[in-house]
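Shown below: target36.tsv, with TSV, C-alpha atoms and all ligand atoms.
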chain	number	residue	atom	x	y	z
A	14	MET	CA	0.00	0.00	0.00
A	15	GLN	CA	0.96	3.65	-0.16
A	16	LEU	CA	1.14	5.94	2.87
A	17	GLY	CA	2.04	9.56	3.50
A	18	MET	CA	4.04	10.19	6.69
A	19	ILE	CA	4.25	13.58	8.39
A	20	GLY	CA	6.89	13.88	11.12
A	21	LEU	CA	10.11	11.91	10.81
A	22	GLY	CA	11.35	12.07	14.38
A	23	ARG	CA	12.24	9.12	16.62
A	24	MET	CA	9.02	7.31	15.71
A	25	GLY	CA	7.95	8.52	12.25
A	26	GLY	CA	11.25	7.78	10.51
A	27	ASN	CA	11.39	4.21	11.80
A	28	ILE	CA	7.73	3.58	10.97
A	29	VAL	CA	8.54	4.53	7.37
A	30	ARG	CA	11.59	2.24	7.37
A	31	ARG	CA	9.59	-0.69	8.74
A	32	LEU	CA	6.76	-0.16	6.24
A	33	THR	CA	9.03	0.08	3.22
A	34	ARG	CA	11.00	-2.99	4.34
A	35	ALA	CA	7.65	-4.81	4.16
A	36	GLY	CA	7.14	-3.61	0.58
A	37	HIS	CA	4.90	-0.58	1.18
A	38	GLU	CA	5.58	2.78	-0.42
A	39	CYS	CA	5.83	6.06	1.53
A	40	VAL	CA	5.75	9.75	0.72
A	41	VAL	CA	7.32	11.62	3.63
A	42	PHE	CA	7.45	15.15	4.98
A	43	ASP	CA	9.17	16.80	7.93
A	44	GLN	CA	9.69	20.44	8.84
A	45	ASN	CA	13.40	19.79	8.51
A	46	PRO	CA	14.23	19.27	4.79
A	47	ALA	CA	17.54	17.56	5.70
A	48	THR	CA	15.59	14.86	7.57
A	49	VAL	CA	13.41	14.25	4.52
A	50	LYS	CA	16.49	14.08	2.27
A	51	SER	CA	18.23	11.58	4.52
A	52	LEU	CA	15.25	9.21	4.42
A	53	VAL	CA	14.41	9.35	0.71
A	54	GLY	CA	15.43	6.16	-1.09
A	55	ASP	CA	13.99	2.86	-2.22
A	56	ARG	CA	10.16	3.17	-2.07
A	57	ILE	CA	10.50	6.43	-0.04
A	58	HIS	CA	9.68	9.70	-1.80
A	59	GLY	CA	10.05	13.18	-0.32
A	60	GLY	CA	7.37	15.85	-0.23
A	61	SER	CA	8.42	19.50	0.01
A	62	ASN	CA	5.34	20.54	2.01
A	63	LEU	CA	1.89	19.19	2.94
A	64	PRO	CA	0.18	20.10	-0.37
A	65	ASP	CA	3.04	18.47	-2.27
A	66	LEU	CA	2.85	15.32	-0.14
A	67	VAL	CA	-0.90	15.08	-0.69
A	68	LYS	CA	-0.46	15.59	-4.45
A	69	ARG	CA	2.00	12.70	-4.64
A	70	LEU	CA	-0.41	10.20	-3.08
A	71	ALA	CA	-2.88	8.08	-5.07
A	72	LYS	CA	-6.58	8.24	-4.08
A	73	PRO	CA	-7.96	7.23	-1.68
A	74	ARG	CA	-5.05	8.67	0.25
A	75	THR	CA	-3.85	7.69	3.71
A	76	VAL	CA	-1.71	10.10	5.70
A	77	TRP	CA	-0.11	9.16	9.03
A	78	VAL	CA	0.66	12.06	11.38
A	79	MET	CA	3.48	11.33	13.84
A	80	LEU	CA	4.06	14.59	15.69
A	81	PRO	CA	4.16	15.67	19.33
A	82	ALA	CA	0.66	15.96	20.85
A	83	GLY	CA	-0.77	19.48	21.04
A	84	GLU	CA	-0.66	22.50	18.77
A	85	ILE	CA	1.53	21.08	16.01
A	86	THR	CA	-0.70	18.01	15.61
A	87	GLU	CA	-3.82	20.18	15.73
A	88	GLN	CA	-2.51	22.50	12.99
A	89	THR	CA	-1.38	19.62	10.81
A	90	VAL	CA	-4.67	17.73	11.06
A	91	ASN	CA	-6.56	20.93	10.27
A	92	GLU	CA	-4.39	21.62	7.25
A	93	LEU	CA	-4.80	18.04	6.05
A	94	GLY	CA	-8.53	18.47	6.50
A	95	SER	CA	-8.48	21.22	3.90
A	96	LEU	CA	-6.14	19.36	1.49
A	97	LEU	CA	-7.60	15.86	1.55
A	98	GLU	CA	-10.85	14.78	-0.09
A	99	LYS	CA	-13.83	12.59	0.62
A	100	GLY	CA	-12.72	8.97	1.14
A	101	ASP	CA	-9.17	9.85	2.27
A	102	THR	CA	-7.91	8.90	5.74
A	103	ILE	CA	-5.83	10.57	8.43
A	104	ILE	CA	-4.15	8.32	11.00
A	105	ASP	CA	-2.76	10.09	14.06
A	106	GLY	CA	-0.19	7.81	15.68
A	107	GLY	CA	1.18	10.20	18.34
A	108	ASN	CA	0.27	10.48	21.99
A	109	ALA	CA	-2.65	12.89	21.59
A	110	PHE	CA	-5.43	13.33	24.15
A	111	PHE	CA	-8.35	11.03	23.29
A	112	HIS	CA	-10.93	13.85	23.72
A	113	ASP	CA	-9.13	15.58	20.81
A	114	ASP	CA	-9.52	12.44	18.70
A	115	VAL	CA	-13.26	12.38	19.26
A	116	ARG	CA	-13.49	16.05	18.27
A	117	ARG	CA	-11.20	15.72	15.24
A	118	ALA	CA	-12.92	12.58	13.96
A	119	ARG	CA	-16.27	14.41	14.12
A	120	ALA	CA	-14.89	17.44	12.26
A	121	MET	CA	-13.33	15.24	9.56
A	122	LYS	CA	-16.46	13.14	9.18
A	123	ASP	CA	-18.34	16.27	8.09
A	124	LYS	CA	-15.90	16.45	5.14
A	125	GLY	CA	-16.11	12.74	4.37
A	126	ILE	CA	-12.54	12.22	5.62
A	127	HIS	CA	-11.85	9.26	7.90
A	128	TYR	CA	-9.84	9.85	11.07
A	129	ILE	CA	-8.16	6.95	12.86
A	130	ASP	CA	-6.45	7.22	16.25
A	131	CYS	CA	-3.61	4.76	16.63
A	132	GLY	CA	-1.82	4.45	19.96
A	133	THR	CA	1.67	3.33	19.01
A	134	SER	CA	3.94	1.69	21.55
A	135	GLY	CA	7.49	0.55	21.00
A	136	GLY	CA	9.57	3.72	21.10
A	137	VAL	CA	12.98	3.74	19.47
A	138	TRP	CA	13.00	-0.09	19.42
A	139	GLY	CA	9.98	-0.34	17.15
A	140	LEU	CA	11.91	-0.62	13.89
A	141	GLU	CA	13.30	-4.02	14.84
A	142	ARG	CA	10.77	-5.23	17.46
A	143	GLY	CA	7.64	-3.85	15.78
A	144	TYR	CA	5.01	-1.55	17.25
A	145	CYS	CA	2.12	-2.58	19.48
A	146	LEU	CA	-0.88	-0.77	17.98
A	147	MET	CA	-4.12	0.23	19.72
A	148	ILE	CA	-6.53	1.48	17.06
A	149	GLY	CA	-9.77	3.47	17.19
A	150	GLY	CA	-12.18	4.78	14.55
A	151	GLU	CA	-14.37	3.35	11.81
A	152	LYS	CA	-13.85	-0.42	11.71
A	153	GLU	CA	-14.25	-0.76	7.92
A	154	VAL	CA	-11.46	1.78	7.39
A	155	VAL	CA	-9.19	0.05	9.92
A	156	ASP	CA	-9.86	-3.28	8.17
A	157	ARG	CA	-9.06	-1.77	4.77
A	158	LEU	CA	-5.72	-0.50	6.11
A	159	ASP	CA	-4.89	-3.87	7.66
A	160	PRO	CA	-1.73	-4.39	5.53
A	161	ILE	CA	-0.24	-1.20	7.05
A	162	PHE	CA	-1.03	-2.13	10.65
A	163	GLY	CA	0.04	-5.74	10.09
A	164	ALA	CA	3.43	-4.64	8.74
A	165	LEU	CA	4.08	-2.33	11.68
A	166	ALA	CA	3.02	-4.79	14.39
A	167	PRO	CA	5.59	-7.14	15.92
A	168	GLY	CA	3.99	-10.39	14.74
A	169	THR	CA	3.58	-13.46	16.94
A	170	GLY	CA	7.35	-13.80	17.41
A	171	SER	CA	8.45	-16.25	20.07
A	172	ILE	CA	5.69	-15.36	22.56
A	173	GLU	CA	3.69	-18.47	23.39
A	174	ARG	CA	0.01	-18.48	22.49
A	175	THR	CA	-2.43	-17.75	25.30
A	176	PRO	CA	-4.57	-20.84	25.88
A	177	GLY	CA	-8.26	-20.19	25.25
A	178	ARG	CA	-7.77	-17.56	22.53
A	179	GLU	CA	-8.13	-19.99	19.61
A	180	LYS	CA	-11.48	-18.60	18.41
A	181	ARG	CA	-10.55	-14.92	18.81
A	182	ASP	CA	-9.20	-12.44	16.23
A	183	PRO	CA	-5.66	-13.69	15.40
A	184	ARG	CA	-4.47	-10.15	14.62
A	185	VAL	CA	-4.38	-9.38	18.33
A	186	GLU	CA	-1.72	-12.06	18.78
A	187	ARG	CA	0.31	-10.31	16.11
A	188	GLY	CA	0.33	-7.11	18.17
A	189	TYR	CA	-2.47	-4.88	16.92
A	190	LEU	CA	-5.99	-4.37	18.17
A	191	TYR	CA	-9.09	-2.59	16.97
A	192	CYS	CA	-10.27	-1.09	20.28
A	193	GLY	CA	-13.52	0.62	19.23
A	194	PRO	CA	-14.86	3.95	17.90
A	195	SER	CA	-12.92	7.23	17.74
A	196	GLY	CA	-10.64	7.80	20.69
A	197	ALA	CA	-10.82	4.20	21.92
A	198	GLY	CA	-7.36	3.28	20.62
A	199	ARG	CA	-5.75	6.31	22.18
A	200	PHE	CA	-7.67	5.78	25.41
A	201	VAL	CA	-6.17	2.29	25.69
A	202	LYS	CA	-2.70	3.69	24.88
A	203	MET	CA	-3.19	6.41	27.52
A	204	VAL	CA	-3.94	3.82	30.21
A	205	HIS	CA	-0.97	1.78	28.93
A	206	ASN	CA	1.23	4.78	29.63
A	207	GLY	CA	-0.36	5.36	33.04
A	208	ILE	CA	0.54	1.77	33.90
A	209	GLU	CA	4.02	2.37	32.44
A	210	TYR	CA	4.54	5.16	35.02
A	211	GLY	CA	3.42	2.83	37.83
A	212	ILE	CA	5.68	-0.06	36.84
A	213	MET	CA	8.64	2.25	36.32
A	214	GLN	CA	8.06	3.83	39.73
A	215	ALA	CA	7.88	0.41	41.42
A	216	TYR	CA	11.24	-0.66	40.00
A	217	ALA	CA	12.76	2.74	40.79
A	218	GLU	CA	11.69	2.63	44.44
A	219	GLY	CA	12.74	-1.01	44.89
A	220	PHE	CA	16.21	-0.36	43.51
A	221	GLU	CA	16.68	2.70	45.72
A	222	ILE	CA	15.70	0.65	48.81
A	223	MET	CA	18.38	-1.88	47.86
A	224	GLN	CA	20.97	0.82	47.20
A	225	LYS	CA	20.32	2.51	50.56
A	226	ALA	CA	20.65	-0.83	52.38
A	227	ALA	CA	24.31	0.25	52.60
A	228	SER	CA	23.50	3.50	54.39
A	229	LYS	CA	24.60	4.42	57.91
A	230	GLU	CA	20.97	4.63	59.04
A	231	VAL	CA	20.91	0.83	58.95
A	232	PRO	CA	22.63	-1.11	61.80
A	233	ALA	CA	26.05	-2.31	60.62
A	234	GLU	CA	25.19	-6.02	60.84
A	235	ARG	CA	22.27	-5.51	58.42
A	236	ARG	CA	24.08	-3.16	56.09
A	237	TYR	CA	24.35	-4.62	52.56
A	238	GLN	CA	26.40	-3.42	49.59
A	239	LEU	CA	24.21	-4.77	46.83
A	240	ASP	CA	25.13	-4.89	43.16
A	241	LEU	CA	22.07	-3.37	41.50
A	242	ALA	CA	23.19	-4.24	37.97
A	243	ASP	CA	23.51	-7.90	38.89
A	244	ILE	CA	20.20	-7.94	40.73
A	245	ALA	CA	18.44	-6.47	37.71
A	246	GLU	CA	20.10	-9.10	35.56
A	247	VAL	CA	19.19	-12.05	37.75
A	248	TRP	CA	15.57	-10.87	38.04
A	249	ARG	CA	15.30	-10.98	34.25
A	250	ARG	CA	15.78	-14.73	34.41
A	251	GLY	CA	12.78	-16.61	35.70
A	252	SER	CA	11.66	-14.14	38.36
A	253	VAL	CA	8.05	-13.11	38.81
A	254	ILE	CA	8.85	-9.46	38.01
A	255	SER	CA	10.75	-9.91	34.75
A	256	SER	CA	9.58	-7.49	32.02
A	257	TRP	CA	10.87	-5.40	29.15
A	258	LEU	CA	11.16	-2.40	31.46
A	259	LEU	CA	13.37	-4.54	33.70
A	260	ASP	CA	15.45	-5.55	30.66
A	261	LEU	CA	16.01	-1.85	29.96
A	262	THR	CA	16.79	-1.22	33.65
A	263	ALA	CA	19.41	-4.00	33.59
A	264	MET	CA	20.92	-2.53	30.44
A	265	SER	CA	21.12	0.99	31.91
A	266	LEU	CA	22.71	-0.26	35.15
A	267	ALA	CA	25.20	-2.47	33.27
A	268	GLN	CA	26.29	0.53	31.20
A	269	ASP	CA	26.66	2.79	34.23
A	270	PRO	CA	25.73	1.56	37.72
A	271	THR	CA	26.01	5.15	39.03
A	272	LEU	CA	23.53	6.52	36.44
A	273	ALA	CA	25.79	9.57	36.34
A	274	ASN	CA	24.28	10.87	33.10
A	275	PHE	CA	20.85	11.35	34.63
A	276	SER	CA	19.81	14.21	36.87
A	277	GLY	CA	16.66	12.55	38.21
A	278	VAL	CA	14.34	15.25	36.91
A	279	VAL	CA	11.58	13.18	35.32
A	280	GLU	CA	9.38	14.70	32.64
A	281	ASP	CA	5.93	13.60	31.51
A	282	SER	CA	4.09	14.11	28.25
A	283	GLY	CA	0.52	14.06	29.52
A	284	GLU	CA	-0.69	10.47	29.38
A	285	GLY	CA	-0.23	9.87	33.10
A	286	ARG	CA	-2.21	13.01	33.95
A	287	TRP	CA	-5.00	12.04	31.55
A	288	THR	CA	-5.11	8.53	33.00
A	289	VAL	CA	-5.55	9.92	36.50
A	290	ASN	CA	-8.22	12.34	35.21
A	291	ALA	CA	-10.06	9.39	33.63
A	292	ALA	CA	-9.82	7.50	36.93
A	293	VAL	CA	-11.35	10.49	38.74
A	294	GLU	CA	-14.13	10.78	36.13
A	295	GLU	CA	-14.92	7.08	36.59
A	296	ALA	CA	-14.40	7.19	40.39
A	297	VAL	CA	-11.73	4.50	40.13
A	298	PRO	CA	-9.19	4.56	42.99
A	299	ALA	CA	-5.89	4.69	41.07
A	300	ASP	CA	-3.51	4.91	44.03
A	301	VAL	CA	-0.37	3.59	42.34
A	302	LEU	CA	-0.79	5.46	39.06
A	303	SER	CA	-1.49	8.74	40.86
A	304	ALA	CA	1.49	8.30	43.18
A	305	ALA	CA	3.76	7.54	40.23
A	306	LEU	CA	2.61	10.70	38.48
A	307	TYR	CA	3.14	12.80	41.61
A	308	ALA	CA	6.62	11.31	42.04
A	309	ARG	CA	7.51	12.79	38.65
A	310	PHE	CA	6.20	16.21	39.66
A	311	ARG	CA	8.15	15.99	42.92
A	312	SER	CA	11.36	15.09	41.10
A	313	ARG	CA	11.36	18.50	39.46
A	314	ASP	CA	11.49	20.65	42.56
A	315	PRO	CA	13.04	19.23	45.73
A	316	HIS	CA	12.87	22.72	47.26
A	317	ALA	CA	9.18	23.20	46.54
A	318	THR	CA	7.15	25.64	48.60
A	319	ALA	CA	5.24	22.72	50.12
A	320	ASN	CA	8.47	21.26	51.55
A	321	LYS	CA	9.55	24.64	52.91
A	322	LEU	CA	6.15	25.06	54.54
A	323	LEU	CA	6.45	21.66	56.21
A	324	SER	CA	9.78	22.72	57.69
A	325	ALA	CA	8.36	26.12	58.67
A	326	MET	CA	5.46	24.50	60.55
A	327	ARG	CA	7.73	21.94	62.29
A	328	HIS	CA	9.95	24.82	63.35
A	329	ALA	CA	6.98	26.90	64.52
A	330	PHE	CA	5.30	24.25	66.65
A	331	GLY	CA	8.29	22.23	67.82
A	332	GLY	CA	11.39	24.37	67.30
A	333	HIS	CA	12.74	21.73	64.92
A	334	ILE	CA	15.71	22.93	62.85
A	335	GLU	CA	16.32	21.86	59.23
A	336	PRO	CA	19.65	20.06	58.71
A	337	LYS	CA	22.16	22.37	56.99
A	401	LIG	O1	4.66	3.01	24.68
A	401	LIG	C1	5.61	3.69	24.36
A	401	LIG	O2	6.32	3.50	23.36
A	401	LIG	C2	5.95	4.87	25.23
A	401	LIG	O3	5.02	5.01	26.25
A	401	LIG	C3	5.99	6.13	24.40
A	401	LIG	O4	4.68	6.45	24.02
A	401	LIG	C4	6.72	7.28	25.05
A	401	LIG	O5	7.98	6.89	25.45
A	401	LIG	C5	5.96	7.90	26.16
A	401	LIG	O6	5.15	8.89	25.58
A	401	LIG	C6	6.76	8.59	27.22
A	401	LIG	O7	5.84	9.17	28.07
A	401	LIG	P1	6.20	10.26	29.12
A	401	LIG	O8	6.95	11.35	28.38
A	401	LIG	O9	4.89	10.75	29.64
A	401	LIG	O10	7.05	9.58	30.14
Show me this structure written as structure tokens.
Ligand SMILES: O=C(O)[C@H](O)[C@@H](O)[C@H](O)[C@H](O)COP(=O)(O)O
Amino acid sequence: MQLGMIGLGRMGGNIVRRLTRAGHECVVFDQNPATVKSLVGDRIHGGSNLPDLVKRLAKPRTVWVMLPAGEITEQTVNELGSLLEKGDTIIDGGNAFFHDDVRRARAMKDKGIHYIDCGTSGGVWGLERGYCLMIGGEKEVVDRLDPIFGALAPGTGSIERTPGREKRDPRVERGYLYCGPSGAGRFVKMVHNGIEYGIMQAYAEGFEIMQKAASKEVPAERRYQLDLADIAEVWRRGSVISSWLLDLTAMSLAQDPTLANFSGVVEDSGEGRWTVNAAVEEAVPADVLSAALYARFRSRDPHATANKLLSAMRHAFGGHIEPK
């Protein structure tokens, strides 16, 4: 099939590479012309701007938008809405907010343009490992674009089949899922990322507890100098908590057990906040996911006003002095 790709960053460029390796053809555009030039090659054609990209695609066209969530995605989808025609399709594969998908799909529907939200997991490893896809929108359109999704997904690989799934849609076992109407794919991806925060936080806290087992606060006879890199490695092999995030933890610790290249200021792109908002809307107690989100906020300002106020109150009622 043929696909237009807008945004050739960490994800978009590799999606194009994976698609063309599978025999698909891509027309690509990025704000940076050098990025476009570096990608153009076998089955990959460059567009000089959005109108040019659209012109180079055969009808009905499919254009994948792979840009940071927010204004840039909004502008691009709007511009595509005025360039594309009835029967064409926009797929947004970024980490947009699912409310925006519902709104955009409605606006595009009025023009006869299909809008598909596609939560795309796999990060910088997706080119080789494939992307786990969580898809929302009109089912007939998603089914028509199956060759694209199938080529991007990881495939069954070496993961054993889950007993009891024999009569279910086999595509799920290949790593892509039609989740439901507009926004449903991104909603599932949003919760995936909320869970990602929680799992990451659990490993992070556990490893710090083991590191601080060597601290003076602990009685000498129970003070342990533990090798975190080796613990991460051994846990990968047969333990109950093995996972890909643990694989990456083991790799990071093997490369540098002191993690000297990281400041510990942890950013977030929105999905964790939206997951917690959804939990509040549904009155679901999401203790772990909320705490993991707040841990990221806290990492950014150890000298926050709240902490100063705590010290101020302790000092006021008990004369307690902060350590210098
Ligand atoms: O599934 C994935 O491939 C990741 O979740 C990916 O989507 C990205 O790395 C996150 O957006 C990071 O999210 P934060 O910036 O919020 O940590």
Pick out the residues no farther than 8 Å from ligand LIG 401 (chain A), counting all atoms listed in the file, and list them as a list of chain:residue names.
A:Gly107, A:Asn108, A:Gly132, A:Thr133, A:Ser134, A:Gly135, A:Gly136, A:Val137, A:Lys202, A:His205, A:Asn206, A:Glu209, A:Tyr210, A:Val279, A:Glu280, A:Asp281, A:Ser282, A:Gly283, A:Glu284, A:Gly285
Closest contacts (stretch 60-141 of chain A/stretch 29-44 of chain A, max 7 Å, only C-alpha atoms) as a tab-separated table:
residue	atom	partner	partner_atom	distance
A:Gly60	CA	A:Phe42	CA	5.3
A:Ser61	CA	A:Phe42	CA	6.7
A:Asn62	CA	A:Phe42	CA	6.5
A:Leu66	CA	A:Val40	CA	6.3
A:Leu140	CA	A:Arg31	CA	5.6
Store the residues picked out above in a file with C-alpha atoms, as a tab-separated table (two decimals), in the frame of the given file.
chain	number	residue	atom	x	y	z
A	60	GLY	CA	7.37	15.85	-0.23
A	61	SER	CA	8.42	19.50	0.01
A	62	ASN	CA	5.34	20.54	2.01
A	66	LEU	CA	2.85	15.32	-0.14
A	140	LEU	CA	11.91	-0.62	13.89
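Coordinates place atom CA of A:Gly149 at a distance of 5.2 Å from atom CA of A:Pro194.
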For atom CA of A:Ala118 and atom CA of A:Glu87, the interatomic separation in Å (one decimal)
12.0 Å
Kindly provide the residues of stretch 166-265 of chain A that approach stretch 288-296 of chain A to within 9 Å, each paired with its closest atom pair and their distance in Å to one decimal, based on only C-alpha atoms, listed by chain and increasing number, as CSV.
residue,atom,partner,partner_atom,distance
A:Phe200,CA,A:Thr288,CA,8.5
A:Met203,CA,A:Thr288,CA,6.2
A:Val204,CA,A:Thr288,CA,5.6
A:His205,CA,A:Thr288,CA,8.9
A:Asn206,CA,A:Thr288,CA,8.1
A:Gly207,CA,A:Thr288,CA,5.7
A:Ile208,CA,A:Thr288,CA,8.9
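For the pair atom CA of A:Asp114 and atom CA of A:Asp130, the interatomic distance is 6.5 Å.
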Selection near A:Val78, 9 Å with all atoms listed in the file, sequence-local residues under 4 positions removed, as a JSON list (two decimals) with C-alpha atoms, in the coordinates of the input:
[["chain", "number", "residue", "atom", "x", "y", "z"],
["A", 17, "GLY", "CA", 2.04, 9.56, 3.50],
["A", 18, "MET", "CA", 4.04, 10.19, 6.69],
["A", 19, "ILE", "CA", 4.25, 13.58, 8.39],
["A", 20, "GLY", "CA", 6.89, 13.88, 11.12],
["A", 25, "GLY", "CA", 7.95, 8.52, 12.25],
["A", 86, "THR", "CA", -0.70, 18.01, 15.61],
["A", 89, "THR", "CA", -1.38, 19.62, 10.81],
["A", 90, "VAL", "CA", -4.67, 17.73, 11.06],
["A", 103, "ILE", "CA", -5.83, 10.57, 8.43],
["A", 104, "ILE", "CA", -4.15, 8.32, 11.00],
["A", 105, "ASP", "CA", -2.76, 10.09, 14.06],
["A", 106, "GLY", "CA", -0.19, 7.81, 15.68],
["A", 107, "GLY", "CA", 1.18, 10.20, 18.34]]
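Closest approach to A:Arg311 from the set A:Val278, A:Ala299, A:Met326, A:Val53 is made by A:Val278, with distances taken over only C-alpha atoms.
Omitting A:Leu97 and its sequence neighbours fewer than 3 positions away, and counting only C-alpha atoms, the residues within 8 Å are A:Val67, A:Arg74, A:Leu93, A:Gly94, A:Asp101, A:Ile126.
Restricting the calculation to all atoms listed in the file, the smallest distance between A:Ile172 and any of A:Asp159, A:Glu186, A:Glu153, A:Glu221 is found for A:Glu186.
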Out of A:Arg142, A:Val115, A:Ser324, A:Pro176, which residue has the shortest atom-to-atom distance to A:Pro336 when counting only C-alpha atoms?
A:Ser324
Contacts of A:Tyr216 within 9 Å, only C-alpha atoms, excl. fewer than 3 positions in-chain, as a ChimeraX atom specification
/A:211-213,219-221,258-259,262
Pull C-alpha atoms from the residues just selected and write them as a PDB file, keeping the file's coordinate frame.
ATOM      1  CA  GLY A 211       3.420   2.830  37.830  1.00  0.00           C
ATOM      2  CA  ILE A 212       5.680  -0.060  36.840  1.00  0.00           C
ATOM      3  CA  MET A 213       8.640   2.250  36.320  1.00  0.00           C
ATOM      4  CA  GLY A 219      12.740  -1.010  44.890  1.00  0.00           C
ATOM      5  CA  PHE A 220      16.210  -0.360  43.510  1.00  0.00           C
ATOM      6  CA  GLU A 221      16.680   2.700  45.720  1.00  0.00           C
ATOM      7  CA  LEU A 258      11.160  -2.400  31.460  1.00  0.00           C
ATOM      8  CA  LEU A 259      13.370  -4.540  33.700  1.00  0.00           C
ATOM      9  CA  THR A 262      16.790  -1.220  33.650  1.00  0.00           C
TER      10      THR A 262
END
With stretch 21-24 of chain A as the partner and 12 Å as the cut-off, tabulate the residues of stretch 142-177 of chain A that qualify, each row holding the nearest pair of atoms and their distance in Å to one decimal, using only C-alpha atoms, sorted by chain and rising number, as JSON lines.
{"residue": "A:Gly143", "atom": "CA", "partner": "A:Met24", "partner_atom": "CA", "distance": 11.2}
{"residue": "A:Tyr144", "atom": "CA", "partner": "A:Met24", "partner_atom": "CA", "distance": 9.8}
{"residue": "A:Leu165", "atom": "CA", "partner": "A:Met24", "partner_atom": "CA", "distance": 11.6}
As AutoDock Vina command-line options, what would the box around stretch 28-42 of chain A look like: edges along x, y and z, 8 Å added on every side, centre and edge lengths in Å to one decimal?
--center_x 8.2 --center_y 5.2 --center_z 5.3 --size_x 22.7 --size_y 36.0 --size_z 27.4
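Distance annotation: of A:Thr169, A:Asn91, A:Ser228, A:Ser195, the residue with the minimal separation from A:Ile129 is A:Ser195; atom set is all atoms listed in the file.
When only C-alpha atoms are used to measure the gap to A:Arg157, the shortest distance among A:Pro73, A:Met223, A:Leu63, A:Asp300 belongs to A:Pro73.
Each of A:Ile254, A:Gly125, A:Phe111, A:Lys152 was compared to A:Ser95 using only C-alpha atoms, and A:Gly125 turns out to be the nearest.
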